[in-house]
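Accompanying notes for the structure given below.
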Amino acid sequence: MSLPLYQQISNDLKEKIIAKTFKSGDQLPTEKELSETYSVSRITAKRALTELEQLGLVSRTRGKGTFVQELNKNHTKLLKRVLFIIPFEGMSFGDFTQGLVPALKVENTTVFITYASYLKENTAEDIKENFDGLIYYPMYTEDYLDILLELSLQSFPVVLLDKQIYDLGFPCVSSDNFNGGEQAAQALLNLGHKRIAFVASNDTHHPQTTRNRYLGYVKVLKEQGIKFHTTLDDSLYTESSVLELIHNEKVTGLICENDLVALQTMKTLQDSHFSVPNDISIIGFDDIQAASLSNPPLTTIAQDFIGMGRIAGELLLDWIKSGQTPKDVKVPINLIKRKTTEELK
């Protein structure tokens, strides 16, 4: 839902006043100037200024203009501030902000995006003093548990993305990774593959998302009476050992932990003169941009990152307004069929 134009202008000016871009006593642009800046009618610009006047942020004097008033505590509460923490700079997947920012904008909320190191460099009190809520995308669920526990004990609104931290009681918005593993396994079974491996990264630590995908894969194979499956605790079943895996186990289908593992695996196979998908079918996870640009384009399980960001923002705002902790949300995913899978010959 998009806001009316006058309210979008009003919110923009409100942010600038509260952030003191426009200071007390400053004159705001005229109706004519605002209509030109925002490409709207003068009536729309006038309505935006009228709303600011009703909030007590400005005073309007006929023939002189619109002037910023002295801020008080009630004014600063008009603009909510949310901290969004992602694992690291340059993340190659998951543009949650496309859904998160518009969802928060509707409620006059500003999003500050930073990296996980923020939790090492600041205290729970710092976060509480500067923000109304936190959306946290953990890389590893054991990181920063001390500060997160403190926020939990103080009932500070925190919504998790992608991974649940069960001991803290924070609600989590995540993809249905278990079902993703099911969909990937069923897709290869439908193509006649029986020797299907789950290929993980070379990391010894497998995140919650990977474990859920793996369990979905195993469930479908068990239900279909397929005896062969790989495990997560064997180095043979990692991207660095994929050639040995195919040679030893006569595998014809690979389900990879994520698209990055799938793309590296495909390169390894192609460098060794395997044809994808004529010799080996491959499915990835996440549908990162590179998946559609690879040669051949990668079949993958797509996550709805925009939807996840939107839902996380909506849950956090509801929590801030109502004081009621929301429930976990699982977001559906879907198989994107491209050119790295085909029927077993």
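Each chain in the structure tokens gets a letter, A, B and so on, in the order shown; residues start at 1 in every chain, and ligands are counted from 1 in the order they appear.
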With a cut-off of 9 Å, could you pull out the residues of stretch 51-129 of chain A touching stretch 317-330 of chain A and give me the nearest pair of atoms for each, distance in Å to one decimal, using only C-alpha atoms, ordered by chain and ascending number, as CSV?
residue,atom,partner,partner_atom,distance
A:Leu104,CA,A:Leu317,CA,7.5
A:Glu107,CA,A:Leu317,CA,7.9
A:Thr109,CA,A:Leu317,CA,8.8
Next on the checklist: Give me the residues near A:Asp233 as a PyMOL selection string, where near means some atom within 12 Å (using only C-alpha atoms) and where sequence neighbours in that chain fewer than 4 positions away do not count.
Outcome noted: chain A and resi 198-206+211+214+237-238
Would you save the residues of that selection, restricted to all heavy atoms, as a tab-separated table (two decimals), in the first residue's frame?
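And here's again_28.tsv as it stands now:
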chain	number	residue	atom	x	y	z
A	198	PHE	N	23.18	-34.76	-1.72
A	198	PHE	CA	23.09	-33.41	-1.19
A	198	PHE	C	24.52	-32.93	-0.97
A	198	PHE	O	25.27	-33.52	-0.19
A	198	PHE	CB	22.32	-33.38	0.13
A	198	PHE	CG	22.01	-32.00	0.63
A	198	PHE	CD1	20.77	-31.42	0.39
A	198	PHE	CD2	22.95	-31.26	1.35
A	198	PHE	CE1	20.48	-30.14	0.85
A	198	PHE	CE2	22.68	-29.99	1.81
A	198	PHE	CZ	21.44	-29.42	1.57
A	199	VAL	N	24.91	-31.86	-1.66
A	199	VAL	CA	26.29	-31.36	-1.62
A	199	VAL	C	26.34	-30.09	-0.77
A	199	VAL	O	25.68	-29.09	-1.10
A	199	VAL	CB	26.83	-31.08	-3.03
A	199	VAL	CG1	28.25	-30.55	-2.96
A	199	VAL	CG2	26.77	-32.35	-3.87
A	200	ALA	N	27.12	-30.13	0.30
A	200	ALA	CA	27.26	-28.97	1.18
A	200	ALA	C	28.56	-28.24	0.88
A	200	ALA	O	29.43	-28.73	0.16
A	200	ALA	CB	27.24	-29.44	2.64
A	201	SER	N	28.69	-27.05	1.46
A	201	SER	CA	29.94	-26.30	1.33
A	201	SER	C	31.04	-27.03	2.10
A	201	SER	O	30.79	-27.98	2.84
A	201	SER	CB	29.77	-24.89	1.87
A	201	SER	OG	29.66	-24.93	3.29
A	202	ASN	N	32.27	-26.55	1.96
A	202	ASN	CA	33.40	-27.16	2.67
A	202	ASN	C	33.45	-26.78	4.14
A	202	ASN	O	34.27	-27.31	4.89
A	202	ASN	CB	34.72	-26.75	2.00
A	202	ASN	CG	34.82	-27.26	0.57
A	202	ASN	OD1	34.34	-28.35	0.27
A	202	ASN	ND2	35.41	-26.47	-0.32
A	203	ASP	N	32.57	-25.85	4.57
A	203	ASP	CA	32.58	-25.43	5.98
A	203	ASP	C	32.20	-26.61	6.88
A	203	ASP	O	31.34	-27.43	6.53
A	203	ASP	CB	31.57	-24.30	6.21
A	203	ASP	CG	31.97	-23.03	5.46
A	203	ASP	OD1	33.15	-22.90	5.11
A	203	ASP	OD2	31.09	-22.18	5.24
A	204	THR	N	32.83	-26.66	8.03
A	204	THR	CA	32.49	-27.72	8.99
A	204	THR	C	31.19	-27.39	9.72
A	204	THR	O	30.51	-28.29	10.22
A	204	THR	CB	33.61	-27.90	10.02
A	204	THR	OG1	33.90	-26.64	10.64
A	204	THR	CG2	34.87	-28.42	9.34
A	205	HIS	N	30.85	-26.11	9.78
A	205	HIS	CA	29.60	-25.69	10.44
A	205	HIS	C	28.51	-25.56	9.37
A	205	HIS	O	28.67	-24.83	8.40
A	205	HIS	CB	29.78	-24.34	11.14
A	205	HIS	CG	28.51	-23.78	11.70
A	205	HIS	ND1	28.11	-24.01	12.99
A	205	HIS	CD2	27.55	-23.02	11.13
A	205	HIS	CE1	26.95	-23.41	13.19
A	205	HIS	NE2	26.60	-22.79	12.09
A	206	HIS	N	27.42	-26.26	9.56
A	206	HIS	CA	26.31	-26.18	8.63
A	206	HIS	C	25.16	-25.41	9.29
A	206	HIS	O	24.64	-25.85	10.32
A	206	HIS	CB	25.82	-27.58	8.22
A	206	HIS	CG	26.87	-28.37	7.51
A	206	HIS	ND1	27.43	-27.96	6.31
A	206	HIS	CD2	27.49	-29.54	7.83
A	206	HIS	CE1	28.33	-28.85	5.92
A	206	HIS	NE2	28.39	-29.80	6.82
A	211	ARG	N	20.69	-27.37	7.23
A	211	ARG	CA	20.18	-28.58	7.88
A	211	ARG	C	18.72	-28.83	7.51
A	211	ARG	O	18.32	-29.97	7.25
A	211	ARG	CB	20.34	-28.47	9.40
A	211	ARG	CG	21.79	-28.36	9.86
A	211	ARG	CD	21.94	-28.65	11.34
A	211	ARG	NE	21.15	-27.77	12.18
A	211	ARG	CZ	21.57	-26.61	12.66
A	211	ARG	NH1	22.79	-26.16	12.34
A	211	ARG	NH2	20.81	-25.88	13.45
A	214	TYR	N	18.51	-30.10	3.97
A	214	TYR	CA	18.98	-31.49	3.94
A	214	TYR	C	17.90	-32.44	4.45
A	214	TYR	O	17.65	-33.50	3.86
A	214	TYR	CB	20.25	-31.62	4.78
A	214	TYR	CG	20.68	-33.05	4.99
A	214	TYR	CD1	21.32	-33.77	3.98
A	214	TYR	CD2	20.42	-33.69	6.20
A	214	TYR	CE1	21.70	-35.08	4.17
A	214	TYR	CE2	20.80	-35.01	6.40
A	214	TYR	CZ	21.44	-35.71	5.38
A	214	TYR	OH	21.79	-37.01	5.57
A	237	TYR	N	30.97	-35.63	0.83
A	237	TYR	CA	29.77	-35.03	0.24
A	237	TYR	C	29.83	-33.50	0.29
A	237	TYR	O	28.85	-32.84	0.61
A	237	TYR	CB	28.53	-35.55	0.97
A	237	TYR	CG	28.48	-37.06	1.06
A	237	TYR	CD1	28.17	-37.70	2.24
A	237	TYR	CD2	28.77	-37.85	-0.06
A	237	TYR	CE1	28.14	-39.08	2.34
A	237	TYR	CE2	28.74	-39.24	0.02
A	237	TYR	CZ	28.43	-39.84	1.22
A	237	TYR	OH	28.40	-41.22	1.29
A	238	THR	N	30.99	-32.94	-0.01
A	238	THR	CA	31.16	-31.49	-0.06
A	238	THR	C	31.60	-31.08	-1.46
A	238	THR	O	31.98	-31.92	-2.28
A	238	THR	CB	32.22	-31.02	0.96
A	238	THR	OG1	33.46	-31.65	0.65
A	238	THR	CG2	31.80	-31.40	2.37
Checklist entry - From the list A:Asp286, A:Glu342, A:Asp234, A:Glu257, which residue is nearest A:Gln303 when using only C-alpha atoms? => result A:Asp286
Next on the checklist: DSSP on the backbone: which residues in stretch 31-192 of chain A end up as strand (DSSP E or B)? Give the answer as a PyMOL selection string.
Outcome noted: chain A and resi 58-61+65-68+80-86+109-115+133-136+158-161+172-175
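All residues of protein, DNA or RNA that reach within 6 Å of A:Thr300, judged by only C-alpha atoms and not counting those fewer than 3 positions away in the chain, are Ile283, Gly284, Phe285, Asp287, Leu335 and Ile336 of chain A.
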For the selection just defined, write its residues with all heavy atoms to a file, as an mmCIF file, in the first residue's frame.
data_model
loop_
_atom_site.group_PDB
_atom_site.id
_atom_site.type_symbol
_atom_site.label_atom_id
_atom_site.label_comp_id
_atom_site.auth_asym_id
_atom_site.auth_seq_id
_atom_site.Cartn_x
_atom_site.Cartn_y
_atom_site.Cartn_z
ATOM 1 N N ILE A 283 20.710 -28.828 -8.860
ATOM 2 C CA ILE A 283 19.748 -27.856 -8.334
ATOM 3 C C ILE A 283 20.420 -27.071 -7.210
ATOM 4 O O ILE A 283 21.080 -27.650 -6.339
ATOM 5 C CB ILE A 283 18.477 -28.536 -7.796
ATOM 6 C CG1 ILE A 283 17.738 -29.259 -8.923
ATOM 7 C CG2 ILE A 283 17.539 -27.516 -7.139
ATOM 8 C CD1 ILE A 283 16.482 -29.988 -8.472
ATOM 9 N N GLY A 284 20.272 -25.756 -7.232
ATOM 10 C CA GLY A 284 20.795 -24.902 -6.165
ATOM 11 C C GLY A 284 19.683 -24.374 -5.276
ATOM 12 O O GLY A 284 18.530 -24.799 -5.370
ATOM 13 N N PHE A 285 20.035 -23.433 -4.409
ATOM 14 C CA PHE A 285 19.074 -22.754 -3.538
ATOM 15 C C PHE A 285 19.379 -21.258 -3.523
ATOM 16 O O PHE A 285 20.543 -20.866 -3.524
ATOM 17 C CB PHE A 285 19.193 -23.268 -2.096
ATOM 18 C CG PHE A 285 18.371 -24.487 -1.788
ATOM 19 C CD1 PHE A 285 18.883 -25.741 -2.033
ATOM 20 C CD2 PHE A 285 17.090 -24.379 -1.254
ATOM 21 C CE1 PHE A 285 18.150 -26.880 -1.739
ATOM 22 C CE2 PHE A 285 16.345 -25.505 -0.962
ATOM 23 C CZ PHE A 285 16.874 -26.760 -1.203
ATOM 24 N N ASP A 287 18.309 -18.641 -5.670
ATOM 25 C CA ASP A 287 18.057 -17.875 -6.889
ATOM 26 C C ASP A 287 18.758 -16.518 -6.855
ATOM 27 O O ASP A 287 18.139 -15.466 -7.057
ATOM 28 C CB ASP A 287 16.559 -17.690 -7.145
ATOM 29 C CG ASP A 287 16.264 -17.209 -8.569
ATOM 30 O OD1 ASP A 287 17.089 -17.483 -9.455
ATOM 31 O OD2 ASP A 287 15.219 -16.553 -8.789
ATOM 32 N N LEU A 335 10.312 -23.773 -6.882
ATOM 33 C CA LEU A 335 11.348 -24.273 -7.794
ATOM 34 C C LEU A 335 11.359 -23.447 -9.071
ATOM 35 O O LEU A 335 10.314 -23.247 -9.702
ATOM 36 C CB LEU A 335 11.071 -25.742 -8.117
ATOM 37 C CG LEU A 335 12.003 -26.407 -9.128
ATOM 38 C CD1 LEU A 335 13.366 -26.662 -8.500
ATOM 39 C CD2 LEU A 335 11.403 -27.727 -9.628
ATOM 40 N N ILE A 336 12.536 -22.974 -9.458
ATOM 41 C CA ILE A 336 12.724 -22.273 -10.723
ATOM 42 C C ILE A 336 13.441 -23.226 -11.681
ATOM 43 O O ILE A 336 14.626 -23.509 -11.523
ATOM 44 C CB ILE A 336 13.552 -20.980 -10.556
ATOM 45 C CG1 ILE A 336 12.924 -20.072 -9.496
ATOM 46 C CG2 ILE A 336 13.681 -20.258 -11.895
ATOM 47 C CD1 ILE A 336 11.580 -19.515 -9.850
#
Please produce, as a Markdown table, a per-residue contact table for stretch 40-145 of chain A versus stretch 163-178 of chain A (criterion: any atom at most 9 Å away, only C-alpha atoms considered), showing the nearest atom pair and its distance in Å to one decimal, sorted by chain then residue number.
| residue | atom | partner | partner_atom | distance |
| --- | --- | --- | --- | --- |
| A:Tyr137 | CA | A:Lys163 | CA | 7.4 |
| A:Pro138 | CA | A:Lys163 | CA | 6.7 |
| A:Met139 | CA | A:Lys163 | CA | 8.3 |
| A:Tyr140 | CA | A:Lys163 | CA | 8.4 |
| A:Thr141 | CA | A:Ile165 | CA | 5.9 |
| A:Glu142 | CA | A:Ile165 | CA | 8.1 |
| A:Leu145 | CA | A:Leu168 | CA | 8.7 |
Item to check | DSSP-assigned alpha helix (DSSP H) among stretch 101-175 of chain A, expressed as a PyMOL selection string | outcome: chain A and resi 101-105+118-121+124-130+145-153
Checklist entry - Counting only C-alpha atoms, which of A:Arg62, A:Lys20, A:Arg47, A:Lys105 gets nearest to A:Gly313? => result A:Lys105
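Each of A:Phe67, A:Tyr115, A:Phe274, A:Phe84 was checked against A:Val101 using only C-alpha atoms; the smallest atom-to-atom distance is that of A:Phe84.
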Next on the checklist: At a cut-off of 7 Å, using only C-alpha atoms, what residues contact stretch 147-153 of chain A? Leave out same-chain residues fewer than 3 positions from it and give the result as a PyMOL selection string.
Outcome noted: chain A and resi 123-124+144+156+168
Next on the checklist: Would you compute the distance between atom CA of A:Val218 and atom CA of A:Cys256? Give it in Å to one decimal.
Outcome noted: 13.3 Å
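Each of A:Ala103, A:Ala45, A:Leu52, A:Leu254 was compared to A:Met308 using only C-alpha atoms, and A:Ala103 turns out to be the nearest.
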Considering only C-alpha atoms, return as a PDB file with all heavy atoms, in the first residue's frame whatever protein or nucleic-acid residues lie within 9 Å of A:Asp26, sequence-local ones (same chain, fewer than 3 positions apart) excluded.
ATOM      1  N   PHE A  22      16.413  20.673   8.732  1.00  0.00           N
ATOM      2  CA  PHE A  22      15.754  21.968   8.914  1.00  0.00           C
ATOM      3  C   PHE A  22      15.704  22.231  10.415  1.00  0.00           C
ATOM      4  O   PHE A  22      15.094  21.469  11.167  1.00  0.00           O
ATOM      5  CB  PHE A  22      14.329  21.956   8.344  1.00  0.00           C
ATOM      6  CG  PHE A  22      14.263  21.876   6.852  1.00  0.00           C
ATOM      7  CD1 PHE A  22      13.572  20.838   6.242  1.00  0.00           C
ATOM      8  CD2 PHE A  22      14.864  22.834   6.051  1.00  0.00           C
ATOM      9  CE1 PHE A  22      13.493  20.756   4.865  1.00  0.00           C
ATOM     10  CE2 PHE A  22      14.788  22.758   4.671  1.00  0.00           C
ATOM     11  CZ  PHE A  22      14.103  21.712   4.070  1.00  0.00           C
ATOM     12  N   LYS A  23      16.339  23.305  10.873  1.00  0.00           N
ATOM     13  CA  LYS A  23      16.415  23.596  12.300  1.00  0.00           C
ATOM     14  C   LYS A  23      15.309  24.554  12.722  1.00  0.00           C
ATOM     15  O   LYS A  23      14.652  25.173  11.884  1.00  0.00           O
ATOM     16  CB  LYS A  23      17.788  24.192  12.643  1.00  0.00           C
ATOM     17  CG  LYS A  23      18.961  23.257  12.363  1.00  0.00           C
ATOM     18  CD  LYS A  23      20.281  23.902  12.723  1.00  0.00           C
ATOM     19  CE  LYS A  23      21.446  22.955  12.489  1.00  0.00           C
ATOM     20  NZ  LYS A  23      21.563  22.542  11.079  1.00  0.00           N
ATOM     21  N   THR A  66       6.392  29.411   5.907  1.00  0.00           N
ATOM     22  CA  THR A  66       6.259  28.315   6.868  1.00  0.00           C
ATOM     23  C   THR A  66       7.586  28.143   7.591  1.00  0.00           C
ATOM     24  O   THR A  66       8.631  27.993   6.954  1.00  0.00           O
ATOM     25  CB  THR A  66       5.900  27.004   6.138  1.00  0.00           C
ATOM     26  OG1 THR A  66       4.695  27.203   5.387  1.00  0.00           O
ATOM     27  CG2 THR A  66       5.690  25.866   7.127  1.00  0.00           C
ATOM     28  N   PHE A  67       7.527  28.121   8.947  1.00  0.00           N
ATOM     29  CA  PHE A  67       8.753  28.110   9.738  1.00  0.00           C
ATOM     30  C   PHE A  67       8.747  26.926  10.717  1.00  0.00           C
ATOM     31  O   PHE A  67       7.712  26.563  11.286  1.00  0.00           O
ATOM     32  CB  PHE A  67       8.894  29.421  10.516  1.00  0.00           C
ATOM     33  CG  PHE A  67       8.998  30.622   9.624  1.00  0.00           C
ATOM     34  CD1 PHE A  67       7.852  31.278   9.178  1.00  0.00           C
ATOM     35  CD2 PHE A  67      10.244  31.074   9.200  1.00  0.00           C
ATOM     36  CE1 PHE A  67       7.941  32.383   8.334  1.00  0.00           C
ATOM     37  CE2 PHE A  67      10.338  32.178   8.349  1.00  0.00           C
ATOM     38  CZ  PHE A  67       9.183  32.833   7.916  1.00  0.00           C
ATOM     39  N   VAL A  68       9.937  26.353  10.907  1.00  0.00           N
ATOM     40  CA  VAL A  68      10.093  25.197  11.791  1.00  0.00           C
ATOM     41  C   VAL A  68       9.994  25.638  13.238  1.00  0.00           C
ATOM     42  O   VAL A  68      10.609  26.617  13.658  1.00  0.00           O
ATOM     43  CB  VAL A  68      11.454  24.501  11.546  1.00  0.00           C
ATOM     44  CG1 VAL A  68      11.646  23.330  12.508  1.00  0.00           C
ATOM     45  CG2 VAL A  68      11.558  24.022  10.106  1.00  0.00           C
ATOM     46  N   GLN A  69       9.216  24.867  14.025  1.00  0.00           N
ATOM     47  CA  GLN A  69       9.040  25.142  15.439  1.00  0.00           C
ATOM     48  C   GLN A  69      10.095  24.404  16.269  1.00  0.00           C
ATOM     49  O   GLN A  69      10.767  23.489  15.788  1.00  0.00           O
ATOM     50  CB  GLN A  69       7.645  24.685  15.892  1.00  0.00           C
ATOM     51  CG  GLN A  69       6.516  25.445  15.241  1.00  0.00           C
ATOM     52  CD  GLN A  69       6.394  26.846  15.801  1.00  0.00           C
ATOM     53  OE1 GLN A  69       7.085  27.771  15.341  1.00  0.00           O
ATOM     54  NE2 GLN A  69       5.545  27.026  16.785  1.00  0.00           N
TER      55      GLN A  69
END
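Shell of A:Leu221 at 12 Å, with only C-alpha atoms counted and residues fewer than 4 places along the chain excluded, is Gly181, Glu182, Gln183, Ala184, Ala185, Gln186, Ala187, Leu188, Leu189, Asn190, His193, Lys194, Arg195, Ile196, Ala197, Phe198, Tyr214, Leu215, Gly216, Tyr217, Gly225, Ile226, Lys227, Phe228, His229 and Thr230 of chain A.
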Please produce a file of those selected residues containing C-alpha atoms, as a PDB file, in the first residue's frame.
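Contents of selection.pdb, freshly written:
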ATOM      1  CA  GLY A 181      14.669 -29.684   0.189  1.00  0.00           C
ATOM      2  CA  GLU A 182      11.511 -31.678  -0.485  1.00  0.00           C
ATOM      3  CA  GLN A 183      10.825 -29.827  -3.745  1.00  0.00           C
ATOM      4  CA  ALA A 184      14.397 -30.254  -4.979  1.00  0.00           C
ATOM      5  CA  ALA A 185      14.462 -33.998  -4.253  1.00  0.00           C
ATOM      6  CA  GLN A 186      11.028 -34.569  -5.773  1.00  0.00           C
ATOM      7  CA  ALA A 187      11.994 -32.643  -8.921  1.00  0.00           C
ATOM      8  CA  LEU A 188      14.979 -34.948  -9.520  1.00  0.00           C
ATOM      9  CA  LEU A 189      12.960 -38.074  -8.709  1.00  0.00           C
ATOM     10  CA  ASN A 190      10.343 -36.968 -11.233  1.00  0.00           C
ATOM     11  CA  HIS A 193      17.092 -39.866 -10.887  1.00  0.00           C
ATOM     12  CA  LYS A 194      17.630 -42.344  -8.064  1.00  0.00           C
ATOM     13  CA  ARG A 195      21.254 -41.644  -7.047  1.00  0.00           C
ATOM     14  CA  ILE A 196      20.792 -38.127  -5.672  1.00  0.00           C
ATOM     15  CA  ALA A 197      23.387 -36.442  -3.432  1.00  0.00           C
ATOM     16  CA  PHE A 198      23.093 -33.406  -1.187  1.00  0.00           C
ATOM     17  CA  TYR A 214      18.977 -31.486   3.937  1.00  0.00           C
ATOM     18  CA  LEU A 215      16.232 -32.948   6.122  1.00  0.00           C
ATOM     19  CA  GLY A 216      13.596 -32.188   3.484  1.00  0.00           C
ATOM     20  CA  TYR A 217      15.741 -33.991   0.910  1.00  0.00           C
ATOM     21  CA  GLY A 225      11.817 -45.935  -0.823  1.00  0.00           C
ATOM     22  CA  ILE A 226      15.168 -44.643  -2.121  1.00  0.00           C
ATOM     23  CA  LYS A 227      17.892 -46.202   0.010  1.00  0.00           C
ATOM     24  CA  PHE A 228      20.829 -44.039  -1.103  1.00  0.00           C
ATOM     25  CA  HIS A 229      21.323 -40.602   0.450  1.00  0.00           C
ATOM     26  CA  THR A 230      24.314 -38.587   1.573  1.00  0.00           C
TER      27      THR A 230
END
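If you look at atom CA of A:Leu191 and atom CA of A:Met266, they are 18.9 Å away from each other.
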